[in-house]
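Asks: Hey, dropping start_12.cif in here, mmCIF, C-alpha atoms:
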data_structure
loop_
_atom_site.label_atom_id
_atom_site.label_comp_id
_atom_site.auth_asym_id
_atom_site.auth_seq_id
_atom_site.Cartn_x
_atom_site.Cartn_y
_atom_site.Cartn_z
CA MET A 10 -83.55 27.79 -64.36
CA LYS A 11 -83.64 25.48 -67.40
CA ASN A 12 -87.15 26.72 -68.30
CA ARG A 13 -85.94 30.31 -68.52
CA ARG A 14 -83.32 29.34 -71.08
CA ALA A 15 -85.91 27.61 -73.24
CA ILE A 16 -88.23 30.63 -73.43
CA PRO A 17 -86.17 32.60 -76.00
CA LEU A 18 -85.92 29.48 -78.18
CA ILE A 19 -89.67 28.91 -78.02
CA ILE A 20 -90.37 32.56 -78.88
CA TYR A 21 -87.93 32.38 -81.80
CA LEU A 22 -89.65 29.25 -83.17
CA ILE A 23 -93.10 30.83 -82.86
CA ILE A 24 -91.93 33.93 -84.73
CA LEU A 25 -90.31 31.80 -87.42
CA VAL A 26 -93.49 29.77 -87.97
CA LEU A 27 -95.66 32.92 -88.13
CA TYR A 28 -93.27 34.55 -90.59
CA LYS A 29 -93.37 31.50 -92.86
CA LEU A 30 -97.17 31.35 -92.75
CA PHE A 31 -97.70 35.02 -93.55
CA SER A 32 -94.96 35.30 -96.17
CA GLU A 33 -96.49 32.37 -98.08
CA ARG A 34 -99.92 34.00 -97.89
CA ILE A 35 -98.56 37.28 -99.28
CA LYS A 36 -96.77 35.47 -102.13
CA SER A 37 -99.96 33.62 -103.07
CA THR A 38 -101.69 36.92 -103.89
CA VAL A 39 -99.25 37.51 -106.77
CA VAL A 40 -100.54 35.47 -109.71
CA PRO A 41 -100.19 35.17 -113.49
CA LEU A 42 -102.66 37.36 -115.39
CA ASP A 43 -103.59 36.82 -119.05
CA PHE A 44 -106.14 38.88 -120.95
CA SER A 45 -107.13 39.79 -124.48
CA VAL A 46 -108.37 43.08 -125.92
CA ASP A 47 -109.30 43.54 -129.59
CA GLY A 48 -108.01 40.06 -130.41
CA LEU A 49 -104.53 40.70 -128.99
CA SER A 50 -103.27 38.74 -125.98
CA TYR A 51 -101.34 40.18 -123.04
CA SER A 52 -99.62 38.52 -120.09
CA CYS A 53 -98.14 39.82 -116.87
CA THR A 54 -98.02 39.23 -113.14
CA GLY A 55 -100.83 40.69 -111.08
CA LYS A 56 -101.46 41.28 -107.40
CA ILE A 57 -104.88 40.41 -106.03
CA ASP A 58 -105.66 43.45 -103.91
CA THR A 59 -108.45 43.34 -101.32
CA GLY A 60 -108.28 47.14 -101.13
CA CYS A 61 -109.06 47.57 -104.82
CA ASN A 62 -112.79 47.87 -105.39
CA LEU A 63 -112.60 49.80 -108.67
CA ARG A 64 -115.63 49.35 -110.93
CA GLU A 65 -116.70 50.65 -114.29
CA PRO A 66 -119.57 53.02 -113.37
CA PHE A 67 -122.19 52.07 -115.99
CA SER A 68 -121.97 48.28 -115.91
CA SER A 69 -120.58 48.02 -112.37
CA SER A 70 -118.04 45.53 -113.76
CA PRO A 71 -114.76 45.12 -111.88
CA VAL A 72 -111.61 46.78 -113.21
CA ILE A 73 -108.03 45.48 -113.38
CA ILE A 74 -105.32 48.15 -113.49
CA THR A 75 -102.27 47.36 -115.64
CA ASP A 76 -98.99 49.13 -116.13
CA PRO A 77 -98.53 50.91 -119.50
CA GLY A 78 -95.54 48.61 -120.11
CA VAL A 79 -98.00 45.72 -120.40
CA PHE A 80 -100.93 47.32 -122.22
CA ARG A 81 -101.76 50.70 -123.73
CA ILE A 82 -105.18 51.94 -124.74
CA GLN A 83 -105.11 52.92 -128.41
CA ASP A 84 -106.90 55.95 -129.81
CA HIS A 85 -109.22 53.79 -131.93
CA GLN A 86 -110.45 51.72 -128.98
CA PRO A 87 -113.76 52.80 -127.45
CA CYS A 88 -112.98 53.39 -123.80
CA ARG A 89 -114.84 54.12 -120.60
CA ILE A 90 -113.85 56.63 -117.98
CA VAL A 91 -113.49 55.12 -114.49
CA PRO A 92 -113.31 57.60 -111.60
CA TYR A 93 -111.13 56.69 -108.63
CA THR A 94 -109.91 58.10 -105.34
CA ALA A 95 -106.51 57.27 -103.85
CA LEU A 96 -104.86 59.02 -100.91
CA ASN A 97 -107.09 62.11 -101.12
CA ASN A 98 -106.48 62.30 -104.87
CA ARG A 99 -109.44 62.08 -107.23
CA SER A 100 -108.94 61.41 -110.89
CA TYR A 101 -110.01 59.00 -113.61
CA LEU A 102 -108.60 56.14 -115.64
CA LYS A 103 -109.38 55.12 -119.19
CA ALA A 104 -110.55 51.51 -119.41
CA VAL A 105 -111.53 49.07 -122.15
CA ARG A 106 -113.53 45.88 -121.98
CA ALA A 107 -111.50 42.67 -122.08
CA GLN A 108 -112.72 39.83 -124.26
CA GLN A 109 -111.08 37.21 -122.09
CA VAL A 110 -109.34 37.19 -118.70
CA CYS A 111 -107.49 34.34 -116.96
CA ILE A 112 -106.22 34.75 -113.41
CA ASN A 113 -103.81 32.09 -112.19
CA LYS A 114 -104.62 30.10 -115.37
CA GLN A 115 -108.36 30.07 -114.48
CA PRO A 116 -110.73 31.68 -117.02
CA ILE A 117 -113.00 34.34 -115.55
CA ASP A 118 -116.55 34.20 -116.85
CA ARG A 119 -117.71 37.78 -116.33
CA GLU A 120 -117.30 41.21 -117.86
CA ILE A 121 -114.02 42.85 -116.82
CA TYR A 122 -112.48 46.16 -117.79
CA ILE A 123 -108.75 46.81 -118.14
CA ALA A 124 -107.49 50.25 -117.09
CA VAL A 125 -103.99 51.66 -117.40
CA SER A 126 -101.95 53.43 -114.73
CA THR A 127 -98.35 53.30 -113.62
CA ILE A 128 -97.71 50.41 -111.23
CA GLN A 129 -94.54 51.10 -109.28
CA ASN A 130 -93.64 47.61 -108.09
CA GLY A 131 -91.06 45.21 -109.41
CA ASP A 132 -92.98 42.09 -108.33
CA TYR A 133 -96.16 42.70 -110.33
CA GLN A 134 -97.45 44.79 -113.25
CA ALA A 135 -101.19 44.75 -112.52
CA ILE A 136 -103.59 45.27 -109.62
CA ILE A 137 -106.50 42.85 -109.65
CA ASN A 138 -109.81 43.74 -108.01
CA SER A 139 -110.24 40.89 -105.46
CA GLU A 140 -113.99 40.72 -106.14
CA ILE A 141 -113.18 39.11 -109.49
CA ILE A 142 -112.04 35.86 -107.89
CA ARG A 143 -114.70 35.64 -105.17
#
Mind turning this structure into structure tokens?

Replies:
Amino acid sequence: MKNRRAIPLIIYLIILVLYKLFSERIKSTVVPLDFSVDGLSYSCTGKIDTGCNLREPFSSSPVIITDPGVFRIQDHQPCRIVPYTALNNRSYLKAVRAQQVCINKQPIDREIYIAVSTIQNGDYQAIINSEIIR
């Protein structure tokens, strides 16, 4: 009889431990993002997204998508067109080459493009292609 009373407590503890493990893992994918374009520096919070495999089509360089509140592509900047598909919707994004990118305070030593699209999330303002940090 005593064992039956302990089962709900054990289940509760297992669920609590799993919740803590997974919530910490989810939080760790939201990181500081710093980049520069045309000599100007920008900073925001980005989410490393394993589902984002966006690449600039000519160079095959990975693309980071930022919210227009963080960065806007100016008319004088030479930009590339990056096609994408999301939820049966095909379109394109304008992107420019970044001179420097730091993810979680670590400099990234490869060519990266910055695209602009509305990010509707209060926790982060950019979506980071996970291939960048692999």

Asks: Looking at A:Val105, A:Leu96, A:Ile19, A:Leu42, which one is nearest to Pro71 of chain A, with distances taken over only C-alpha atoms?

Replies: A:Val105

Asks: Could you list, as a PDB file with C-alpha atoms, in the coordinates of the input, every residue matched by the PyMOL selection byres ((chain A and resi 66) around 10) in this structure?

Replies:
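Printed below is selection-v5.pdb as written:
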ATOM      1  CA  LEU A  63    -112.600  49.800-108.670  1.00  0.00           C
ATOM      2  CA  ARG A  64    -115.630  49.350-110.930  1.00  0.00           C
ATOM      3  CA  GLU A  65    -116.700  50.650-114.290  1.00  0.00           C
ATOM      4  CA  PHE A  67    -122.190  52.070-115.990  1.00  0.00           C
ATOM      5  CA  SER A  68    -121.970  48.280-115.910  1.00  0.00           C
ATOM      6  CA  SER A  69    -120.580  48.020-112.370  1.00  0.00           C
ATOM      7  CA  SER A  70    -118.040  45.530-113.760  1.00  0.00           C
ATOM      8  CA  PRO A  71    -114.760  45.120-111.880  1.00  0.00           C
ATOM      9  CA  ARG A  89    -114.840  54.120-120.600  1.00  0.00           C
ATOM     10  CA  ILE A  90    -113.850  56.630-117.980  1.00  0.00           C
ATOM     11  CA  VAL A  91    -113.490  55.120-114.490  1.00  0.00           C
ATOM     12  CA  PRO A  92    -113.310  57.600-111.600  1.00  0.00           C
TER      13      PRO A  92
END

Asks: Could you list, as a PDB file with C-alpha atoms, in the frame of the given file, every residue within 12 Å of Gln129 of chain A, counting all atoms listed in the file and ignoring same-chain residues fewer than 4 positions away?

Replies:
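What ended up in part.pdb:
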ATOM      1  CA  ILE A  74    -105.320  48.150-113.490  1.00  0.00           C
ATOM      2  CA  THR A  75    -102.270  47.360-115.640  1.00  0.00           C
ATOM      3  CA  ASP A  76     -98.990  49.130-116.130  1.00  0.00           C
ATOM      4  CA  PRO A  77     -98.530  50.910-119.500  1.00  0.00           C
ATOM      5  CA  GLY A  78     -95.540  48.610-120.110  1.00  0.00           C
ATOM      6  CA  TYR A 133     -96.160  42.700-110.330  1.00  0.00           C
ATOM      7  CA  GLN A 134     -97.450  44.790-113.250  1.00  0.00           C
ATOM      8  CA  ALA A 135    -101.190  44.750-112.520  1.00  0.00           C
ATOM      9  CA  ILE A 136    -103.590  45.270-109.620  1.00  0.00           C
TER      10      ILE A 136
END

Asks: Name every residue that the PyMOL selection byres ((chain A and resi 120) around 10) selects in this structure, writing the answer as a tab-separated table (two decimals) with C-alpha atoms, in the coordinates of the input with chains first and numbers rising.

Replies:
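File written: out_24.tsv
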chain	number	residue	atom	x	y	z
A	68	SER	CA	-121.97	48.28	-115.91
A	69	SER	CA	-120.58	48.02	-112.37
A	70	SER	CA	-118.04	45.53	-113.76
A	71	PRO	CA	-114.76	45.12	-111.88
A	72	VAL	CA	-111.61	46.78	-113.21
A	106	ARG	CA	-113.53	45.88	-121.98
A	107	ALA	CA	-111.50	42.67	-122.08
A	108	GLN	CA	-112.72	39.83	-124.26
A	109	GLN	CA	-111.08	37.21	-122.09
A	110	VAL	CA	-109.34	37.19	-118.70
A	117	ILE	CA	-113.00	34.34	-115.55
A	118	ASP	CA	-116.55	34.20	-116.85
A	119	ARG	CA	-117.71	37.78	-116.33
A	121	ILE	CA	-114.02	42.85	-116.82
A	122	TYR	CA	-112.48	46.16	-117.79
A	141	ILE	CA	-113.18	39.11	-109.49

Asks: Separation of atom CA of Ser126 of chain A and atom CA of Lys114 of chain A, in Å?

Replies: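 Interatomic distance, atom CA of Ser126 of chain A to atom CA of Lys114 of chain A: 23.5 Å.
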
Asks: Expressed in Å to a single decimal, how great is the separation between atom CA of Gln86 of chain A and atom CA of Leu102 of chain A?

Replies: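 These two atoms are separated by 14.2 Å.
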
Asks: Just the number, please: distance in Å from atom CA of Pro87 of chain A to atom CA of Val125 of chain A, one decimal.

Replies: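 Between atom CA of Pro87 of chain A and atom CA of Val125 of chain A the gap is 14.1 Å.
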
Asks: Which of these, A:Val39, A:Asp84, A:Tyr21, A:Ala95, has the shortest distance to Lys56 of chain A once you count all atoms listed in the file?

Replies: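 For Lys56 of chain A, the nearest of the candidates is A:Val39.
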
Asks: For Glu140 of chain A, which residue out of A:Ala104, A:Ile128, A:Cys88, A:Ile57 is the nearest one, using all atoms listed in the file?

Replies: A:Ile57

Asks: Tell me which of A:Ile137, A:Ala15, A:Ile112, A:Cys61 sits closest to Asp43 of chain A, counting all atoms listed in the file.

Replies: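 Closest to Asp43 of chain A of all the choices is A:Ile112.
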
Asks: May I have the centre and edge lengths, in Å to one decimal, of an axis-aligned box around the listed atoms of segment 110-118 of chain A with 4 Å added to every side, as lines of an AutoDock Vina configuration file?

Replies:
center_x = -110.2
center_y = 33.6
center_z = -115.4
size_x = 20.7
size_y = 15.1
size_z = 14.5

Asks: Could you rebuild segment 101-128 of chain A with N, CA and C atoms and give it back as a compact mmCIF listing (two decimals), keeping the file's coordinate frame?

Replies:
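Resulting contents of out-v1.txt:
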# COMPACT_ATOMS: atom_id res chain seq x y z
N TYR A 101 -109.33 60.03 -112.84
CA TYR A 101 -110.01 59.00 -113.61
C TYR A 101 -108.99 58.21 -114.41
N LEU A 102 -109.41 57.01 -114.80
CA LEU A 102 -108.60 56.14 -115.64
C LEU A 102 -109.41 55.80 -116.88
N LYS A 103 -108.74 55.64 -117.99
CA LYS A 103 -109.38 55.12 -119.19
C LYS A 103 -109.36 53.59 -119.08
N ALA A 104 -110.45 52.97 -119.48
CA ALA A 104 -110.55 51.51 -119.41
C ALA A 104 -111.25 50.97 -120.65
N VAL A 105 -110.88 49.76 -121.03
CA VAL A 105 -111.53 49.07 -122.15
C VAL A 105 -111.98 47.70 -121.67
N ARG A 106 -112.98 47.18 -122.35
CA ARG A 106 -113.53 45.88 -121.98
C ARG A 106 -112.62 44.77 -122.51
N ALA A 107 -112.30 43.82 -121.67
CA ALA A 107 -111.50 42.67 -122.08
C ALA A 107 -112.42 41.60 -122.66
N GLN A 108 -111.94 40.93 -123.71
CA GLN A 108 -112.72 39.83 -124.26
C GLN A 108 -112.56 38.57 -123.43
N GLN A 109 -111.35 38.41 -122.88
CA GLN A 109 -111.08 37.21 -122.09
C GLN A 109 -110.07 37.57 -121.00
N VAL A 110 -110.26 36.99 -119.81
CA VAL A 110 -109.34 37.19 -118.70
C VAL A 110 -109.12 35.85 -118.01
N CYS A 111 -107.85 35.53 -117.74
CA CYS A 111 -107.49 34.34 -116.96
C CYS A 111 -106.61 34.80 -115.80
N ILE A 112 -107.00 34.43 -114.60
CA ILE A 112 -106.22 34.75 -113.41
C ILE A 112 -105.73 33.44 -112.83
N ASN A 113 -104.43 33.33 -112.69
CA ASN A 113 -103.81 32.09 -112.19
C ASN A 113 -104.25 30.89 -113.04
N LYS A 114 -104.27 31.11 -114.36
CA LYS A 114 -104.62 30.10 -115.37
C LYS A 114 -106.09 29.69 -115.33
N GLN A 115 -106.93 30.37 -114.55
CA GLN A 115 -108.36 30.07 -114.48
C GLN A 115 -109.15 31.12 -115.27
N PRO A 116 -109.93 30.71 -116.27
CA PRO A 116 -110.73 31.68 -117.02
C PRO A 116 -111.80 32.31 -116.12
N ILE A 117 -112.01 33.60 -116.31
CA ILE A 117 -113.00 34.34 -115.55
C ILE A 117 -114.20 34.58 -116.45
N ASP A 118 -115.35 34.13 -116.02
CA ASP A 118 -116.55 34.20 -116.85
C ASP A 118 -117.43 35.37 -116.41
N ARG A 119 -116.93 36.58 -116.59
CA ARG A 119 -117.71 37.78 -116.33
C ARG A 119 -117.07 38.96 -117.04
N GLU A 120 -117.81 40.02 -117.18
CA GLU A 120 -117.30 41.21 -117.86
C GLU A 120 -116.28 41.92 -116.98
N ILE A 121 -115.11 42.19 -117.55
CA ILE A 121 -114.02 42.85 -116.82
C ILE A 121 -113.44 43.93 -117.70
N TYR A 122 -113.11 45.05 -117.09
CA TYR A 122 -112.48 46.16 -117.79
C TYR A 122 -111.01 46.23 -117.40
N ILE A 123 -110.18 46.64 -118.35
CA ILE A 123 -108.75 46.81 -118.14
C ILE A 123 -108.44 48.30 -118.21
N ALA A 124 -107.89 48.85 -117.14
CA ALA A 124 -107.49 50.25 -117.09
C ALA A 124 -105.97 50.32 -117.07
N VAL A 125 -105.44 51.49 -117.34
CA VAL A 125 -103.99 51.66 -117.40
C VAL A 125 -103.55 52.77 -116.45
N SER A 126 -102.57 52.46 -115.63
CA SER A 126 -101.95 53.43 -114.73
C SER A 126 -100.58 52.88 -114.36
N THR A 127 -99.69 53.74 -113.97
CA THR A 127 -98.35 53.30 -113.62
C THR A 127 -98.38 52.49 -112.32
N ILE A 128 -97.83 51.29 -112.39
CA ILE A 128 -97.71 50.41 -111.23
C ILE A 128 -96.23 50.43 -110.84
